[in-house]
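Undergrad: Would you mind keeping the following structure in view while I ask a few things?
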Amino acid sequence: MVVTGGLIDMKECIMVVDFGTSNARTNLIDLENGDVITGVSEPVLYNSPRADFHEIDVNDYWNASVKTTGKVIGQLENDCRIRGIIFSYIGDSLVAVDEHGEPTSPMIASFDLRAKNDMELYTDVLGVERFEYISGCPLTPRNTGAKIHWIKKYLPDVAEKTKYYLTLQQYVNFKLGLGPVSDYSVANRKLMLDVHTKKWSDDLMKLINSDEQEMGPDICGGDKQIGTISAYGDVKLPYEIPVFPGGHDSAVGFIGLGLKNDGHILGNVGGTFDHYGYLRTAYLDTLKIANVQTVAGPTSDTYVTIKAHPAGKDLLWFIHNMVHTNDMGKLNEYFDKAVFDGENKSFYTTGLDTGTGCFINFSNLTDMQMLFNTLIEGMTFLSWEYVRLFMQLDRQFDTVRVGGGSGKSDRWLQLKADVFNLKIEKVKNLEVSSVGAAIAGAVGLGICSYEEAFQKMVQVEKTFYPRKEIHEKYVKRYEEWKNYVIK
């Protein structure tokens, strides 16, 4: 604590509540340098009652966020003032609630595929091309609208009690007494938004016999204040604090990487999914050009061009089912021993909407370390496929800037540099979704501009350069790998 002339020199911070796939986390982000002043995480666990079903009691998420927020408030120092509260969210979640905001069924996860056999409305009635034009996204059974249709078709008792079909973001805002408000980026991940108008699509709502009221009518920029609160659940706050909706974790993560709307750096936000993308100011139908989607960004004047594939779930599979432990720290041991020199003769492939993965060219002499090395190389090849798609668009990238979970291993970052043949930058604070949300909150409060926040709060800690001879080996391995890719 600094005292000047008898006055305490206060730290100004933003509280970010981050809802991830496997945990809820509350971080206090220092607005001077982007550091995490304090952070607390609480795990949440999904249930899989049968094949393709992935769900969770949404109040497990809410209670975890209340618990972490309470701990952070309990650790709050006298020299730190919270200027605002903002959020980062997983996307594609579905929470059915009654008129009071009480859940009528468990929350359906983004990766739930229960509607995969009930897609006729989209494929035969609306048409895939029309859906993709409206939403900017490829049609998959993960589509929230398809899940709403599934509830109305197979769970009529639940549908009868349901007034709103919300995202996790809308549900949390409802719990805070601010109404089922959505920002543009999470609304787009609901896959019921018209990406061109940034309003709920009449065509998509009529298709599933829904309307704007069921969707939650209020949509705004993630950096727009939607109210103030003096308590978060049963946690009493020290004073009235402004609230901002924030946005989808990858979208605010690109802000946390310091990506400018006209820059030449491709962002990589790692986690359960490895997201690649960048911000832009105008919509472009990139899905038709390069099979990369452009969706609404977290602010009123941004779009996000993005593509993602599983990463964290594959690492979870390795730790839980191969190593037989719940200790994710064990991954560090495997990364520390990993050798990525282009000499591996084995392959791993997987796809986005399948639980199927394939290991090829293993023998009875293959050990666990080689299995891990092959898994990481396979995910990196899939990332390179995506990077090559981005190169077909309207920017030429010479750098990939990384934050999130995949930034924790320098060996993985060097592998990405060698495979992509691009410079890889690692930011100092890997909690980029929290940093990006904090930046949006600071801008919304009028404390600074985005450019000013980038200069203060985003620092590149380390740079990795491609090694030509290793890249040439991986070019050959990548061409072989493509022969095995699961379509």
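Here, A, B, ... name the chains of the structure tokens in the order displayed, residue numbers run from 1 inside each chain, and ligands are numbered from 1 in the same displayed order.
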DSSP on the backbone: what in region 222-432 of chain A comes out helix (DSSP H, G or I), as an NGL selection string?
TA: :A and (249-256 or 286-290 or 312-322 or 330-337 or 368-390 or 405-408 or 410-420 or 432)
Undergrad: Please provide as a PyMOL selection string all residues within 9 Å of Val58 (chain A), with the sequence filter that same-chain residues fewer than 3 positions apart are discarded (counting only C-alpha atoms).
TA: chain A and resi 55+61-63+95+103+105-108+168+171
Undergrad: Could you pull the residues within 10 Å of Phe362 (chain A), counting only C-alpha atoms, minus those fewer than 4 positions along the same chain, as JSON, numbers by chain?
TA: {"A": [345, 346, 347, 366, 367, 370, 371, 374]}
Undergrad: As a list in words, please: the residues near Lys116 (chain A) (cut-off 9 Å, only C-alpha atoms, same-chain neighbours under 5 positions excluded).
TA: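 Once the adjacent positions are removed, what remains is Asp52, Thr140, Pro141, Arg142 and Ala146 of chain A.
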Undergrad: Produce a file of the selected residues containing N, CA, C and O atoms, as a PDB file, in the first residue's frame.
TA:
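In the end it all went to out15.pdb:
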```
ATOM      1  N   ASP A  52     -24.360 -39.160 -26.005  1.00  0.00           N
ATOM      2  CA  ASP A  52     -24.609 -37.874 -26.660  1.00  0.00           C
ATOM      3  C   ASP A  52     -25.248 -36.828 -25.748  1.00  0.00           C
ATOM      4  O   ASP A  52     -25.435 -35.690 -26.156  1.00  0.00           O
ATOM      5  N   THR A 140     -24.618 -27.613 -37.245  1.00  0.00           N
ATOM      6  CA  THR A 140     -24.256 -28.845 -36.542  1.00  0.00           C
ATOM      7  C   THR A 140     -25.365 -29.158 -35.534  1.00  0.00           C
ATOM      8  O   THR A 140     -26.150 -28.275 -35.172  1.00  0.00           O
ATOM      9  N   PRO A 141     -25.418 -30.398 -35.044  1.00  0.00           N
ATOM     10  CA  PRO A 141     -26.415 -30.731 -34.019  1.00  0.00           C
ATOM     11  C   PRO A 141     -26.143 -30.049 -32.680  1.00  0.00           C
ATOM     12  O   PRO A 141     -26.972 -30.138 -31.772  1.00  0.00           O
ATOM     13  N   ARG A 142     -24.996 -29.351 -32.560  1.00  0.00           N
ATOM     14  CA  ARG A 142     -24.744 -28.552 -31.354  1.00  0.00           C
ATOM     15  C   ARG A 142     -25.569 -27.272 -31.353  1.00  0.00           C
ATOM     16  O   ARG A 142     -25.621 -26.562 -30.349  1.00  0.00           O
ATOM     17  N   ALA A 146     -31.751 -26.336 -32.443  1.00  0.00           N
ATOM     18  CA  ALA A 146     -32.084 -27.751 -32.588  1.00  0.00           C
ATOM     19  C   ALA A 146     -32.378 -28.388 -31.234  1.00  0.00           C
ATOM     20  O   ALA A 146     -33.265 -29.242 -31.105  1.00  0.00           O
TER      21      ALA A 146
END
```
Undergrad: Take CA of Asn78 (chain A) and CA of Glu32 (chain A) and report the distance between them in Å, one decimal.
TA: 16.9 Å
Undergrad: With distances taken over only C-alpha atoms, which residue among A:Asp202, A:Asp57, A:Asp157, A:Asp124 lies nearest Glu102 (chain A)?
TA: A:Asp57
Undergrad: Using DSSP on the backbone coordinates, identify the residues of region 135-254 of chain A assigned to strand (DSSP E or B); present them as a PyMOL selection string.
TA: chain A and resi 164-166+182-183+193-194+199-200+219-220+227-232+235-243+247-248
Undergrad: Just write the chosen residues, C-alpha atoms, as a compact mmCIF listing (two decimals), in the first residue's frame.
TA:
```txt
# COMPACT_ATOMS: atom_id res chain seq x y z
CA TYR A 164 -37.38 -18.54 -21.63
CA TYR A 165 -34.69 -20.52 -23.43
CA LEU A 166 -31.54 -18.79 -22.22
CA SER A 182 -27.18 -11.02 -23.75
CA ASP A 183 -24.18 -9.50 -25.45
CA LEU A 193 -29.12 -14.50 -34.17
CA ASP A 194 -29.04 -12.91 -37.62
CA LYS A 199 -31.05 -9.22 -33.90
CA TRP A 200 -32.89 -12.48 -33.25
CA ILE A 219 -29.05 -7.73 -26.69
CA CYS A 220 -26.26 -5.15 -26.33
CA GLY A 227 -27.09 -2.03 -14.09
CA THR A 228 -25.47 -1.99 -10.68
CA ILE A 229 -25.48 -4.55 -7.87
CA SER A 230 -24.67 -4.47 -4.16
CA ALA A 231 -24.67 -8.24 -3.73
CA TYR A 232 -23.66 -11.24 -5.84
CA VAL A 235 -22.20 -12.31 -1.12
CA LYS A 236 -22.49 -8.72 0.09
CA LEU A 237 -20.30 -6.40 -1.96
CA PRO A 238 -18.44 -3.52 -0.25
CA TYR A 239 -20.32 -0.93 -2.35
CA GLU A 240 -22.59 -0.61 -5.37
CA ILE A 241 -20.72 -1.86 -8.46
CA PRO A 242 -21.59 -1.36 -12.17
CA VAL A 243 -22.22 -4.54 -14.18
CA GLY A 247 -18.88 -11.89 -23.86
CA HIS A 248 -17.96 -15.29 -25.26
```
Undergrad: For a quick check of understanding, using only C-alpha atoms, which of A:Ile29, A:Met192, A:Ala338, A:Val292 has the smallest distance to Ser409 (chain A)?
TA: A:Ala338
Undergrad: Quick one: which region 278-358 of chain A residues come within 12 Å of region 472-485 of chain A, and what is the nearest atom pair for each with the distance in Å to one decimal, counting only C-alpha atoms, rows ordered by chain and ascending number, as a Markdown table?
TA:
```
| residue | atom | partner | partner_atom | distance |
| --- | --- | --- | --- | --- |
| A:Phe340 | CA | A:Tyr474 | CA | 9.6 |
| A:Asp341 | CA | A:Lys473 | CA | 8.0 |
| A:Gly342 | CA | A:Lys473 | CA | 5.2 |
| A:Glu343 | CA | A:Lys473 | CA | 7.5 |
| A:Asn344 | CA | A:Arg477 | CA | 8.5 |
| A:Lys345 | CA | A:Arg477 | CA | 8.0 |
| A:Ser346 | CA | A:Trp481 | CA | 9.0 |
| A:Phe347 | CA | A:Trp481 | CA | 6.4 |
| A:Tyr348 | CA | A:Trp481 | CA | 7.9 |
| A:Thr349 | CA | A:Val485 | CA | 5.4 |
| A:Thr350 | CA | A:Val485 | CA | 6.8 |
| A:Gly351 | CA | A:Val485 | CA | 7.9 |
| A:Leu352 | CA | A:Val485 | CA | 11.4 |
| A:Thr356 | CA | A:Val485 | CA | 11.0 |
| A:Gly357 | CA | A:Val485 | CA | 9.5 |
| A:Cys358 | CA | A:Tyr484 | CA | 8.4 |
```
